[in-house]
$ cat run20.cif   # mmCIF, N, CA and C atoms and all ligand atoms
data_final
loop_
_atom_site.label_atom_id
_atom_site.label_comp_id
_atom_site.auth_asym_id
_atom_site.auth_seq_id
_atom_site.Cartn_x
_atom_site.Cartn_y
_atom_site.Cartn_z
N ALA A 1 34.84 -0.01 -49.43
CA ALA A 1 36.17 0.56 -49.56
C ALA A 1 36.14 2.04 -49.19
N ASP A 2 37.32 2.62 -48.95
CA ASP A 2 37.41 4.04 -48.60
C ASP A 2 37.66 4.93 -49.82
N THR A 3 37.64 4.33 -51.00
CA THR A 3 37.71 5.13 -52.22
C THR A 3 36.74 4.53 -53.23
N CYS A 4 36.30 5.39 -54.15
CA CYS A 4 35.43 4.97 -55.23
C CYS A 4 35.99 5.57 -56.50
N SER A 5 36.51 4.74 -57.39
CA SER A 5 37.18 5.23 -58.60
C SER A 5 38.26 6.25 -58.24
N GLY A 6 38.99 5.98 -57.15
CA GLY A 6 40.08 6.85 -56.74
C GLY A 6 39.68 8.05 -55.91
N LEU A 7 38.39 8.25 -55.69
CA LEU A 7 37.92 9.41 -54.92
C LEU A 7 37.65 9.00 -53.48
N PRO A 8 37.90 9.93 -52.54
CA PRO A 8 37.64 9.59 -51.14
C PRO A 8 36.13 9.47 -50.88
N ALA A 9 35.70 8.26 -50.60
CA ALA A 9 34.27 8.01 -50.40
C ALA A 9 34.11 6.65 -49.74
N THR A 10 33.04 6.51 -49.00
CA THR A 10 32.62 5.17 -48.62
C THR A 10 31.99 4.57 -49.86
N CYS A 11 32.45 3.39 -50.26
CA CYS A 11 32.09 2.89 -51.59
C CYS A 11 31.78 1.40 -51.57
N TRP A 12 30.68 1.07 -52.20
CA TRP A 12 30.35 -0.32 -52.49
C TRP A 12 30.34 -0.40 -54.01
N GLN A 13 31.24 -1.22 -54.59
CA GLN A 13 31.43 -1.18 -56.04
C GLN A 13 31.69 -2.56 -56.59
N ASP A 14 31.09 -2.83 -57.74
CA ASP A 14 31.43 -4.02 -58.51
C ASP A 14 32.26 -3.54 -59.69
N PRO A 15 33.59 -3.73 -59.62
CA PRO A 15 34.44 -3.17 -60.68
C PRO A 15 34.21 -3.81 -62.04
N VAL A 16 33.64 -5.01 -62.08
CA VAL A 16 33.38 -5.66 -63.36
C VAL A 16 32.20 -5.00 -64.08
N SER A 17 31.11 -4.80 -63.35
CA SER A 17 29.91 -4.24 -63.98
C SER A 17 29.87 -2.72 -63.96
N GLY A 18 30.64 -2.11 -63.06
CA GLY A 18 30.58 -0.66 -62.90
C GLY A 18 29.51 -0.21 -61.91
N ALA A 19 28.72 -1.13 -61.39
CA ALA A 19 27.69 -0.75 -60.41
C ALA A 19 28.36 -0.25 -59.14
N HIS A 20 27.80 0.81 -58.57
CA HIS A 20 28.33 1.28 -57.28
C HIS A 20 27.33 2.14 -56.53
N VAL A 21 27.58 2.22 -55.23
CA VAL A 21 26.93 3.17 -54.33
C VAL A 21 28.07 3.88 -53.61
N SER A 22 28.02 5.20 -53.55
CA SER A 22 29.10 5.93 -52.89
C SER A 22 28.55 7.07 -52.05
N VAL A 23 29.27 7.33 -50.96
CA VAL A 23 29.00 8.50 -50.13
C VAL A 23 30.32 9.28 -50.12
N HIS A 24 30.36 10.37 -50.83
CA HIS A 24 31.61 11.12 -50.99
C HIS A 24 31.98 11.87 -49.73
N PHE A 25 33.27 11.82 -49.38
CA PHE A 25 33.76 12.54 -48.20
C PHE A 25 33.93 14.03 -48.49
N LYS A 26 34.21 14.36 -49.76
CA LYS A 26 34.46 15.75 -50.16
C LYS A 26 33.57 16.07 -51.36
N PRO A 27 33.26 17.34 -51.57
CA PRO A 27 32.50 17.69 -52.77
C PRO A 27 33.25 17.21 -54.00
N TYR A 28 32.50 16.74 -54.98
CA TYR A 28 33.10 16.17 -56.18
C TYR A 28 32.42 16.76 -57.41
N THR A 29 33.25 17.22 -58.36
CA THR A 29 32.71 17.69 -59.63
C THR A 29 33.31 16.86 -60.75
N TYR A 30 32.45 16.23 -61.50
CA TYR A 30 32.84 15.41 -62.65
C TYR A 30 32.91 16.32 -63.86
N THR A 31 33.99 16.22 -64.66
CA THR A 31 34.13 17.13 -65.79
C THR A 31 34.61 16.45 -67.06
N ALA A 32 34.58 15.11 -67.13
CA ALA A 32 35.16 14.44 -68.30
C ALA A 32 34.24 14.48 -69.53
N ASN A 33 32.99 14.21 -69.35
CA ASN A 33 32.02 14.17 -70.46
C ASN A 33 30.75 14.84 -69.95
N GLY A 34 30.71 16.16 -70.11
CA GLY A 34 29.68 16.92 -69.41
C GLY A 34 30.15 17.17 -68.00
N THR A 35 29.29 17.68 -67.18
CA THR A 35 29.68 17.99 -65.81
C THR A 35 28.50 17.78 -64.85
N PHE A 36 28.83 17.33 -63.67
CA PHE A 36 27.85 17.29 -62.57
C PHE A 36 28.62 17.30 -61.28
N SER A 37 27.92 17.66 -60.21
CA SER A 37 28.56 17.75 -58.89
C SER A 37 27.80 16.91 -57.88
N ILE A 38 28.56 16.37 -56.93
CA ILE A 38 27.99 15.62 -55.82
C ILE A 38 28.52 16.27 -54.55
N ALA A 39 27.62 16.69 -53.67
CA ALA A 39 28.02 17.32 -52.42
C ALA A 39 28.56 16.27 -51.45
N ALA A 40 29.45 16.69 -50.57
CA ALA A 40 29.95 15.79 -49.52
C ALA A 40 28.78 15.26 -48.71
N GLY A 41 28.79 13.98 -48.47
CA GLY A 41 27.75 13.35 -47.68
C GLY A 41 26.56 12.86 -48.49
N ASN A 42 26.45 13.29 -49.73
CA ASN A 42 25.34 12.80 -50.55
C ASN A 42 25.59 11.37 -51.00
N VAL A 43 24.51 10.64 -51.20
CA VAL A 43 24.59 9.26 -51.66
C VAL A 43 24.40 9.25 -53.17
N ALA A 44 25.41 8.76 -53.87
CA ALA A 44 25.34 8.63 -55.32
C ALA A 44 25.34 7.15 -55.66
N PHE A 45 24.72 6.81 -56.78
CA PHE A 45 24.75 5.42 -57.22
C PHE A 45 24.62 5.35 -58.73
N HIS A 46 24.99 4.19 -59.25
CA HIS A 46 25.04 3.98 -60.69
C HIS A 46 24.74 2.51 -60.95
N PRO A 47 23.87 2.22 -61.91
CA PRO A 47 23.63 0.80 -62.24
C PRO A 47 24.84 0.20 -62.94
N GLY A 48 24.87 -1.12 -62.99
CA GLY A 48 25.93 -1.81 -63.70
C GLY A 48 25.58 -1.98 -65.18
N GLN A 49 26.56 -2.50 -65.92
CA GLN A 49 26.33 -2.71 -67.35
C GLN A 49 25.16 -3.65 -67.60
N ASN A 50 25.05 -4.67 -66.77
CA ASN A 50 23.96 -5.63 -66.92
C ASN A 50 23.30 -5.96 -65.59
N SER A 51 23.28 -4.97 -64.70
CA SER A 51 22.69 -5.21 -63.39
C SER A 51 22.09 -3.92 -62.85
N GLN A 52 21.10 -4.09 -62.02
CA GLN A 52 20.55 -2.97 -61.30
C GLN A 52 21.41 -2.73 -60.06
N THR A 53 21.31 -1.53 -59.50
CA THR A 53 21.91 -1.24 -58.21
C THR A 53 20.78 -1.03 -57.22
N VAL A 54 20.89 -1.68 -56.07
CA VAL A 54 19.79 -1.68 -55.11
C VAL A 54 20.32 -1.22 -53.75
N ILE A 55 19.62 -0.26 -53.16
CA ILE A 55 19.91 0.17 -51.79
C ILE A 55 18.81 -0.37 -50.90
N ARG A 56 19.21 -1.03 -49.82
CA ARG A 56 18.24 -1.65 -48.92
C ARG A 56 18.20 -0.93 -47.58
N TRP A 57 17.02 -0.74 -47.05
CA TRP A 57 16.82 -0.30 -45.68
C TRP A 57 16.11 -1.42 -44.95
N ALA A 58 16.76 -1.95 -43.93
CA ALA A 58 16.18 -3.02 -43.13
C ALA A 58 15.46 -2.40 -41.94
N SER A 59 14.19 -2.68 -41.83
CA SER A 59 13.39 -2.04 -40.79
C SER A 59 13.81 -2.50 -39.39
N PRO A 60 14.10 -1.55 -38.50
CA PRO A 60 14.34 -1.90 -37.10
C PRO A 60 13.06 -1.85 -36.27
N VAL A 61 11.95 -1.50 -36.92
CA VAL A 61 10.70 -1.30 -36.18
C VAL A 61 9.58 -2.14 -36.79
N ALA A 62 8.54 -2.34 -36.01
CA ALA A 62 7.30 -2.93 -36.49
C ALA A 62 6.22 -1.87 -36.38
N GLY A 63 5.35 -1.83 -37.37
CA GLY A 63 4.29 -0.83 -37.38
C GLY A 63 4.15 -0.22 -38.75
N GLU A 64 3.90 1.07 -38.78
CA GLU A 64 3.76 1.76 -40.07
C GLU A 64 4.86 2.80 -40.20
N ILE A 65 5.40 2.90 -41.41
CA ILE A 65 6.42 3.91 -41.69
C ILE A 65 5.93 4.82 -42.82
N ASN A 66 6.53 5.99 -42.86
CA ASN A 66 6.30 6.93 -43.95
C ASN A 66 7.63 7.17 -44.65
N ILE A 67 7.59 7.20 -45.97
CA ILE A 67 8.80 7.34 -46.77
C ILE A 67 8.66 8.58 -47.64
N LEU A 68 9.70 9.42 -47.61
CA LEU A 68 9.74 10.58 -48.48
C LEU A 68 11.12 10.62 -49.10
N GLY A 69 11.20 10.77 -50.41
CA GLY A 69 12.52 10.76 -51.02
C GLY A 69 12.54 11.42 -52.37
N ARG A 70 13.75 11.47 -52.89
CA ARG A 70 13.95 12.03 -54.22
C ARG A 70 15.10 11.28 -54.88
N VAL A 71 14.92 10.92 -56.13
CA VAL A 71 15.98 10.32 -56.92
C VAL A 71 16.26 11.25 -58.10
N ASN A 72 17.55 11.47 -58.35
CA ASN A 72 17.95 12.41 -59.40
C ASN A 72 18.92 11.75 -60.36
N SER A 73 18.66 11.88 -61.64
CA SER A 73 19.66 11.57 -62.67
C SER A 73 20.50 12.83 -62.80
N ILE A 74 21.79 12.75 -62.45
CA ILE A 74 22.59 13.98 -62.36
C ILE A 74 23.53 14.19 -63.53
N HIS A 75 23.62 13.23 -64.44
CA HIS A 75 24.54 13.35 -65.58
C HIS A 75 23.70 13.58 -66.84
N ASP A 76 23.57 14.83 -67.24
CA ASP A 76 22.59 15.17 -68.28
C ASP A 76 23.18 15.32 -69.67
N SER A 77 24.43 14.91 -69.88
CA SER A 77 25.05 15.16 -71.18
C SER A 77 24.98 13.98 -72.14
N CYS A 78 24.55 12.83 -71.68
CA CYS A 78 24.51 11.66 -72.56
C CYS A 78 23.64 10.58 -71.93
N GLY A 79 23.39 9.52 -72.68
CA GLY A 79 22.64 8.39 -72.16
C GLY A 79 21.13 8.58 -72.24
N ASP A 80 20.43 7.55 -71.77
CA ASP A 80 18.97 7.52 -71.88
C ASP A 80 18.28 7.65 -70.53
N GLY A 81 19.01 8.11 -69.50
CA GLY A 81 18.40 8.25 -68.18
C GLY A 81 18.31 6.93 -67.45
N VAL A 82 17.55 6.91 -66.40
CA VAL A 82 17.44 5.73 -65.54
C VAL A 82 15.98 5.48 -65.19
N ALA A 83 15.74 4.26 -64.74
CA ALA A 83 14.43 3.93 -64.16
C ALA A 83 14.67 3.57 -62.70
N TRP A 84 13.64 3.75 -61.89
CA TRP A 84 13.79 3.48 -60.46
C TRP A 84 12.51 2.85 -59.94
N SER A 85 12.64 2.16 -58.83
CA SER A 85 11.44 1.71 -58.13
C SER A 85 11.71 1.67 -56.64
N LEU A 86 10.67 1.93 -55.88
CA LEU A 86 10.68 1.84 -54.43
C LEU A 86 9.86 0.62 -54.08
N ASN A 87 10.49 -0.35 -53.42
CA ASN A 87 9.83 -1.63 -53.16
C ASN A 87 9.78 -1.92 -51.66
N LEU A 88 8.70 -2.56 -51.27
CA LEU A 88 8.62 -3.20 -49.95
C LEU A 88 8.73 -4.68 -50.23
N GLY A 89 9.87 -5.28 -49.87
CA GLY A 89 10.12 -6.66 -50.27
C GLY A 89 10.09 -6.73 -51.79
N ASP A 90 9.28 -7.65 -52.32
CA ASP A 90 9.20 -7.76 -53.78
C ASP A 90 7.98 -7.02 -54.35
N ARG A 91 7.33 -6.20 -53.53
CA ARG A 91 6.17 -5.43 -53.98
C ARG A 91 6.60 -4.01 -54.33
N VAL A 92 6.29 -3.58 -55.54
CA VAL A 92 6.62 -2.22 -55.97
C VAL A 92 5.62 -1.25 -55.37
N LEU A 93 6.14 -0.27 -54.61
CA LEU A 93 5.29 0.77 -54.05
C LEU A 93 5.12 1.92 -55.03
N GLN A 94 6.21 2.30 -55.67
CA GLN A 94 6.20 3.35 -56.69
C GLN A 94 7.36 3.09 -57.63
N SER A 95 7.23 3.60 -58.85
CA SER A 95 8.33 3.47 -59.80
C SER A 95 8.22 4.59 -60.81
N GLY A 96 9.31 4.78 -61.55
CA GLY A 96 9.30 5.83 -62.54
C GLY A 96 10.48 5.70 -63.48
N SER A 97 10.44 6.51 -64.52
CA SER A 97 11.51 6.57 -65.50
C SER A 97 11.96 8.02 -65.62
N LEU A 98 13.27 8.25 -65.54
CA LEU A 98 13.79 9.60 -65.58
C LEU A 98 14.51 9.86 -66.90
N VAL A 99 14.13 10.95 -67.54
CA VAL A 99 14.95 11.48 -68.63
C VAL A 99 16.26 11.97 -68.01
N ARG A 100 17.37 11.79 -68.69
CA ARG A 100 18.65 12.20 -68.11
C ARG A 100 18.59 13.66 -67.62
N GLY A 101 19.19 13.88 -66.45
CA GLY A 101 19.24 15.21 -65.88
C GLY A 101 17.98 15.64 -65.14
N THR A 102 17.06 14.73 -64.92
CA THR A 102 15.83 15.08 -64.20
C THR A 102 15.73 14.27 -62.90
N GLY A 103 14.74 14.60 -62.11
CA GLY A 103 14.54 13.90 -60.84
C GLY A 103 13.08 13.66 -60.58
N ALA A 104 12.83 12.87 -59.57
CA ALA A 104 11.45 12.57 -59.18
C ALA A 104 11.37 12.49 -57.67
N VAL A 105 10.26 12.97 -57.14
CA VAL A 105 9.97 12.83 -55.72
C VAL A 105 9.11 11.59 -55.55
N PHE A 106 9.36 10.84 -54.49
CA PHE A 106 8.48 9.71 -54.19
C PHE A 106 8.08 9.77 -52.73
N SER A 107 6.93 9.22 -52.45
CA SER A 107 6.49 9.15 -51.06
C SER A 107 5.52 7.99 -50.90
N ALA A 108 5.52 7.43 -49.74
CA ALA A 108 4.59 6.36 -49.41
C ALA A 108 4.25 6.52 -47.93
N SER A 109 2.97 6.49 -47.64
CA SER A 109 2.52 6.69 -46.26
C SER A 109 1.93 5.41 -45.69
N LYS A 110 2.09 5.26 -44.39
CA LYS A 110 1.49 4.15 -43.66
C LYS A 110 1.83 2.80 -44.28
N VAL A 111 3.12 2.63 -44.59
CA VAL A 111 3.59 1.35 -45.14
C VAL A 111 3.77 0.37 -43.99
N PRO A 112 3.06 -0.75 -43.99
CA PRO A 112 3.19 -1.69 -42.89
C PRO A 112 4.50 -2.47 -42.96
N VAL A 113 5.24 -2.47 -41.84
CA VAL A 113 6.51 -3.20 -41.81
C VAL A 113 6.61 -4.01 -40.52
N THR A 114 7.45 -5.01 -40.58
CA THR A 114 7.85 -5.75 -39.39
C THR A 114 9.36 -5.61 -39.25
N GLN A 115 9.92 -6.19 -38.21
CA GLN A 115 11.37 -6.08 -38.04
C GLN A 115 12.13 -6.97 -39.02
N SER A 116 11.42 -7.70 -39.87
CA SER A 116 12.12 -8.44 -40.94
C SER A 116 11.84 -7.84 -42.31
N SER A 117 11.16 -6.68 -42.35
CA SER A 117 10.86 -6.04 -43.64
C SER A 117 12.07 -5.31 -44.19
N ALA A 118 12.10 -5.19 -45.50
CA ALA A 118 13.13 -4.41 -46.16
C ALA A 118 12.49 -3.51 -47.21
N ILE A 119 12.96 -2.27 -47.23
CA ILE A 119 12.60 -1.31 -48.28
C ILE A 119 13.78 -1.25 -49.24
N TYR A 120 13.49 -1.33 -50.52
CA TYR A 120 14.54 -1.29 -51.54
C TYR A 120 14.32 -0.11 -52.47
N LEU A 121 15.40 0.57 -52.80
CA LEU A 121 15.37 1.56 -53.87
C LEU A 121 16.23 0.97 -54.99
N VAL A 122 15.59 0.69 -56.11
CA VAL A 122 16.23 0.00 -57.23
C VAL A 122 16.52 1.01 -58.34
N LEU A 123 17.75 1.01 -58.82
CA LEU A 123 18.13 1.88 -59.94
C LEU A 123 18.45 1.00 -61.15
N ASP A 124 17.77 1.28 -62.26
CA ASP A 124 17.92 0.48 -63.48
C ASP A 124 18.48 1.36 -64.60
N LYS A 125 19.29 0.77 -65.44
CA LYS A 125 19.96 1.54 -66.49
C LYS A 125 19.05 1.89 -67.67
N LYS A 126 17.90 1.30 -67.80
CA LYS A 126 17.07 1.35 -69.01
C LYS A 126 17.86 0.68 -70.15
N ALA A 127 17.91 1.23 -71.35
CA ALA A 127 18.56 0.52 -72.46
C ALA A 127 20.09 0.52 -72.37
N ASN A 128 20.68 1.59 -71.84
CA ASN A 128 22.14 1.58 -71.71
C ASN A 128 22.56 2.26 -70.41
N TYR A 129 23.80 2.00 -70.01
CA TYR A 129 24.23 2.43 -68.68
C TYR A 129 25.21 3.59 -68.70
N VAL A 130 25.41 4.21 -69.85
CA VAL A 130 26.33 5.36 -69.88
C VAL A 130 25.66 6.57 -69.23
N CYS A 131 26.45 7.32 -68.50
CA CYS A 131 25.98 8.58 -67.90
C CYS A 131 24.78 8.38 -66.99
N ASP A 132 24.75 7.29 -66.24
CA ASP A 132 23.61 7.01 -65.37
C ASP A 132 23.87 7.37 -63.91
N SER A 133 24.88 8.20 -63.65
CA SER A 133 25.10 8.63 -62.26
C SER A 133 23.85 9.30 -61.71
N SER A 134 23.50 8.92 -60.51
CA SER A 134 22.26 9.39 -59.89
C SER A 134 22.51 9.61 -58.41
N THR A 135 21.64 10.38 -57.78
CA THR A 135 21.71 10.55 -56.34
C THR A 135 20.36 10.19 -55.73
N ILE A 136 20.41 9.90 -54.45
CA ILE A 136 19.20 9.48 -53.73
C ILE A 136 19.18 10.14 -52.35
N ASP A 137 18.04 10.68 -52.01
CA ASP A 137 17.76 11.15 -50.66
C ASP A 137 16.51 10.44 -50.19
N MET A 138 16.51 9.94 -48.99
CA MET A 138 15.32 9.27 -48.50
C MET A 138 15.20 9.49 -46.99
N LEU A 139 14.01 9.85 -46.58
CA LEU A 139 13.70 10.02 -45.17
C LEU A 139 12.60 9.03 -44.81
N ILE A 140 12.85 8.24 -43.79
CA ILE A 140 11.87 7.26 -43.33
C ILE A 140 11.53 7.60 -41.89
N THR A 141 10.25 7.77 -41.62
CA THR A 141 9.81 8.07 -40.26
C THR A 141 8.82 7.00 -39.79
N HIS A 142 8.77 6.87 -38.49
CA HIS A 142 7.92 5.83 -37.87
C HIS A 142 6.92 6.50 -36.94
CA CA A 201 20.65 4.64 -68.86
#
$ encode --input "run20.cif" --output "structure tokens"
Amino acid sequence: ADTCSGLPATCWQDPVSGAHVSVHFKPYTYTANGTFSIAAGNVAFHPGQNSQTVIRWASPVAGEINILGRVNSIHDSCGDGVAWSLNLGDRVLQSGSLVRGTGAVFSASKVPVTQSSAIYLVLDKKANYVCDSSTIDMLITH
């Protein structure tokens, strides 16, 4: 959709669970319960009440790739933070747990892929899903 919770953004959202991935068209500052900002063009995501949110990269190449990224829990006023994992198919390459308001850098070198491989970034709510807004940056090189 072209809006996410009424905001101008490219949005993939499950309105029942609250899970979403959004790319905001304009800078956005949330101020209802604490505050955080998302820059225009940044990718934000949030797990659902009873579901993870997963971003997939489908490999267009065969060979080895290098992955460098950062995941940030951006809503630091409530909740228990989020957990994340970087997967190649169903194999976990790296994972971590974030205290609310913190971030983690991840990287993986010489990851073997084919043109049917998929890299997944999984965002999990941990015990509860309140205040789990997060952002993701990822660079993949071949
Ligand atoms: Ca949480």
$ closest_residue --input "run20.cif" --among "A:Ala32, A:Val99, A:Leu123, A:Val82" --to "ligand CA 201 (chain A)" --atoms "all atoms listed in the file"
A:Val82
$ closest_atom_pairs --input "run20.cif" --of "chain A" --to "ligand CA 201 (chain A)" --cutoff "7 Å" --atoms "all atoms listed in the file" --output "CSV"
residue,atom,partner,partner_atom,distance
A:Gly79,C,A:CA201,CA,5.2
A:Asp80,N,A:CA201,CA,4.1
A:Gly81,C,A:CA201,CA,3.6
A:Val82,N,A:CA201,CA,4.6
A:Ala83,N,A:CA201,CA,6.4
A:Asp124,C,A:CA201,CA,5.8
A:Lys125,C,A:CA201,CA,3.4
A:Lys126,N,A:CA201,CA,4.5
A:Ala127,N,A:CA201,CA,5.0
A:Asn128,C,A:CA201,CA,3.4
A:Tyr129,CA,A:CA201,CA,4.2
A:Val130,N,A:CA201,CA,4.9
A:Cys131,C,A:CA201,CA,5.9
A:Asp132,CA,A:CA201,CA,5.2
$ write_last_selection --input "run20.cif" --atoms "N, CA and C atoms" --output "mmCIF file, keeping the file's coordinate frame"
data_model
loop_
_atom_site.group_PDB
_atom_site.id
_atom_site.type_symbol
_atom_site.label_atom_id
_atom_site.label_comp_id
_atom_site.auth_asym_id
_atom_site.auth_seq_id
_atom_site.Cartn_x
_atom_site.Cartn_y
_atom_site.Cartn_z
ATOM 1 N N GLY A 79 23.390 9.520 -72.680
ATOM 2 C CA GLY A 79 22.640 8.390 -72.160
ATOM 3 C C GLY A 79 21.130 8.580 -72.240
ATOM 4 N N ASP A 80 20.430 7.550 -71.770
ATOM 5 C CA ASP A 80 18.970 7.520 -71.880
ATOM 6 C C ASP A 80 18.280 7.650 -70.530
ATOM 7 N N GLY A 81 19.010 8.110 -69.500
ATOM 8 C CA GLY A 81 18.400 8.250 -68.180
ATOM 9 C C GLY A 81 18.310 6.930 -67.450
ATOM 10 N N VAL A 82 17.550 6.910 -66.400
ATOM 11 C CA VAL A 82 17.440 5.730 -65.540
ATOM 12 C C VAL A 82 15.980 5.480 -65.190
ATOM 13 N N ALA A 83 15.740 4.260 -64.740
ATOM 14 C CA ALA A 83 14.430 3.930 -64.160
ATOM 15 C C ALA A 83 14.670 3.570 -62.700
ATOM 16 N N ASP A 124 17.770 1.280 -62.260
ATOM 17 C CA ASP A 124 17.920 0.480 -63.480
ATOM 18 C C ASP A 124 18.480 1.360 -64.600
ATOM 19 N N LYS A 125 19.290 0.770 -65.440
ATOM 20 C CA LYS A 125 19.960 1.540 -66.490
ATOM 21 C C LYS A 125 19.050 1.890 -67.670
ATOM 22 N N LYS A 126 17.900 1.300 -67.800
ATOM 23 C CA LYS A 126 17.070 1.350 -69.010
ATOM 24 C C LYS A 126 17.860 0.680 -70.150
ATOM 25 N N ALA A 127 17.910 1.230 -71.350
ATOM 26 C CA ALA A 127 18.560 0.520 -72.460
ATOM 27 C C ALA A 127 20.090 0.520 -72.370
ATOM 28 N N ASN A 128 20.680 1.590 -71.840
ATOM 29 C CA ASN A 128 22.140 1.580 -71.710
ATOM 30 C C ASN A 128 22.560 2.260 -70.410
ATOM 31 N N TYR A 129 23.800 2.000 -70.010
ATOM 32 C CA TYR A 129 24.230 2.430 -68.680
ATOM 33 C C TYR A 129 25.210 3.590 -68.700
ATOM 34 N N VAL A 130 25.410 4.210 -69.850
ATOM 35 C CA VAL A 130 26.330 5.360 -69.880
ATOM 36 C C VAL A 130 25.660 6.570 -69.230
ATOM 37 N N CYS A 131 26.450 7.320 -68.500
ATOM 38 C CA CYS A 131 25.980 8.580 -67.900
ATOM 39 C C CYS A 131 24.780 8.380 -66.990
ATOM 40 N N ASP A 132 24.750 7.290 -66.240
ATOM 41 C CA ASP A 132 23.610 7.010 -65.370
ATOM 42 C C ASP A 132 23.870 7.370 -63.910
#
$ closest_residue --input "run20.cif" --among "A:Ile65, A:Leu86, A:Ile74, A:Ala1" --to "Arg100 of chain A" --atoms "all atoms listed in the file"
A:Ile74
$ closest_atom_pairs --input "run20.cif" --of "segment 6-63 of chain A" --to "segment 106-119 of chain A" --cutoff "6 Å" --atoms "all atoms listed in the file" --output "tab-separated table"
residue	atom	partner	partner_atom	distance
A:Ile55	C	A:Ile119	C	5.4
A:Arg56	CA	A:Ile119	C	4.5
A:Trp57	N	A:Ile119	C	3.9
A:Ala58	CA	A:Ala118	CA	4.5
A:Ser59	N	A:Ser117	C	4.1
A:Pro60	C	A:Gln115	CA	4.9
A:Val61	C	A:Thr114	C	4.3
A:Ala62	CA	A:Thr114	CA	4.1
A:Gly63	C	A:Val113	N	4.0
$ write_last_selection --input "run20.cif" --atoms "N, CA and C atoms" --output "PDB file, in the frame of the given file"
ATOM      1  N   ILE A  55      19.620  -0.260 -53.160  1.00  0.00           N
ATOM      2  CA  ILE A  55      19.910   0.170 -51.790  1.00  0.00           C
ATOM      3  C   ILE A  55      18.810  -0.370 -50.900  1.00  0.00           C
ATOM      4  N   ARG A  56      19.210  -1.030 -49.820  1.00  0.00           N
ATOM      5  CA  ARG A  56      18.240  -1.650 -48.920  1.00  0.00           C
ATOM      6  C   ARG A  56      18.200  -0.930 -47.580  1.00  0.00           C
ATOM      7  N   TRP A  57      17.020  -0.740 -47.050  1.00  0.00           N
ATOM      8  CA  TRP A  57      16.820  -0.300 -45.680  1.00  0.00           C
ATOM      9  C   TRP A  57      16.110  -1.420 -44.950  1.00  0.00           C
ATOM     10  N   ALA A  58      16.760  -1.950 -43.930  1.00  0.00           N
ATOM     11  CA  ALA A  58      16.180  -3.020 -43.130  1.00  0.00           C
ATOM     12  C   ALA A  58      15.460  -2.400 -41.940  1.00  0.00           C
ATOM     13  N   SER A  59      14.190  -2.680 -41.830  1.00  0.00           N
ATOM     14  CA  SER A  59      13.390  -2.040 -40.790  1.00  0.00           C
ATOM     15  C   SER A  59      13.810  -2.500 -39.390  1.00  0.00           C
ATOM     16  N   PRO A  60      14.100  -1.550 -38.500  1.00  0.00           N
ATOM     17  CA  PRO A  60      14.340  -1.900 -37.100  1.00  0.00           C
ATOM     18  C   PRO A  60      13.060  -1.850 -36.270  1.00  0.00           C
ATOM     19  N   VAL A  61      11.950  -1.500 -36.920  1.00  0.00           N
ATOM     20  CA  VAL A  61      10.700  -1.300 -36.180  1.00  0.00           C
ATOM     21  C   VAL A  61       9.580  -2.140 -36.790  1.00  0.00           C
ATOM     22  N   ALA A  62       8.540  -2.340 -36.010  1.00  0.00           N
ATOM     23  CA  ALA A  62       7.300  -2.930 -36.490  1.00  0.00           C
ATOM     24  C   ALA A  62       6.220  -1.870 -36.380  1.00  0.00           C
ATOM     25  N   GLY A  63       5.350  -1.830 -37.370  1.00  0.00           N
ATOM     26  CA  GLY A  63       4.290  -0.830 -37.380  1.00  0.00           C
ATOM     27  C   GLY A  63       4.150  -0.220 -38.750  1.00  0.00           C
TER      28      GLY A  63
END
$ residues_around --input "run20.cif" --residues "Val23 of chain A" --least-positions-apart "4" --cutoff "5 Å" --atoms "all atoms listed in the file" --output "PyMOL selection string"
chain A and resi 9-10+42-43
$ closest_residue --input "run20.cif" --among "A:Trp84, A:Trp12, A:Phe25, A:Phe36" --to "Gln52 of chain A" --atoms "only C-alpha atoms"
A:Trp84
$ closest_residue --input "run20.cif" --among "A:Asn66, A:Ser77, A:Thr135, A:Asn50" --to "Ala19 of chain A" --atoms "only N, CA and C atoms"
A:Asn50
$ select_by_dssp --input "run20.cif" --residues "chain A" --states "strand (DSSP E)" --output "ChimeraX atom specification"
/A:3-4,7-13,20-24,28-30,36-38,43-46,53-58,63-73,82-88,91-98,103-113,118-124,134-141
$ residues_around --input "run20.cif" --residues "Ser73 of chain A" --least-positions-apart "2" --cutoff "6 Å" --atoms "only C-alpha atoms" --output "list in words"
His75, Arg100, Gly101, Thr102, Gly103 and Ser134 of chain A
$ residues_around --input "run20.cif" --residues "Ser22 of chain A" --least-positions-apart "2" --cutoff "5 Å" --atoms "only N, CA and C atoms" --output "PyMOL selection string"
chain A and resi 10-11+20+24+43-45
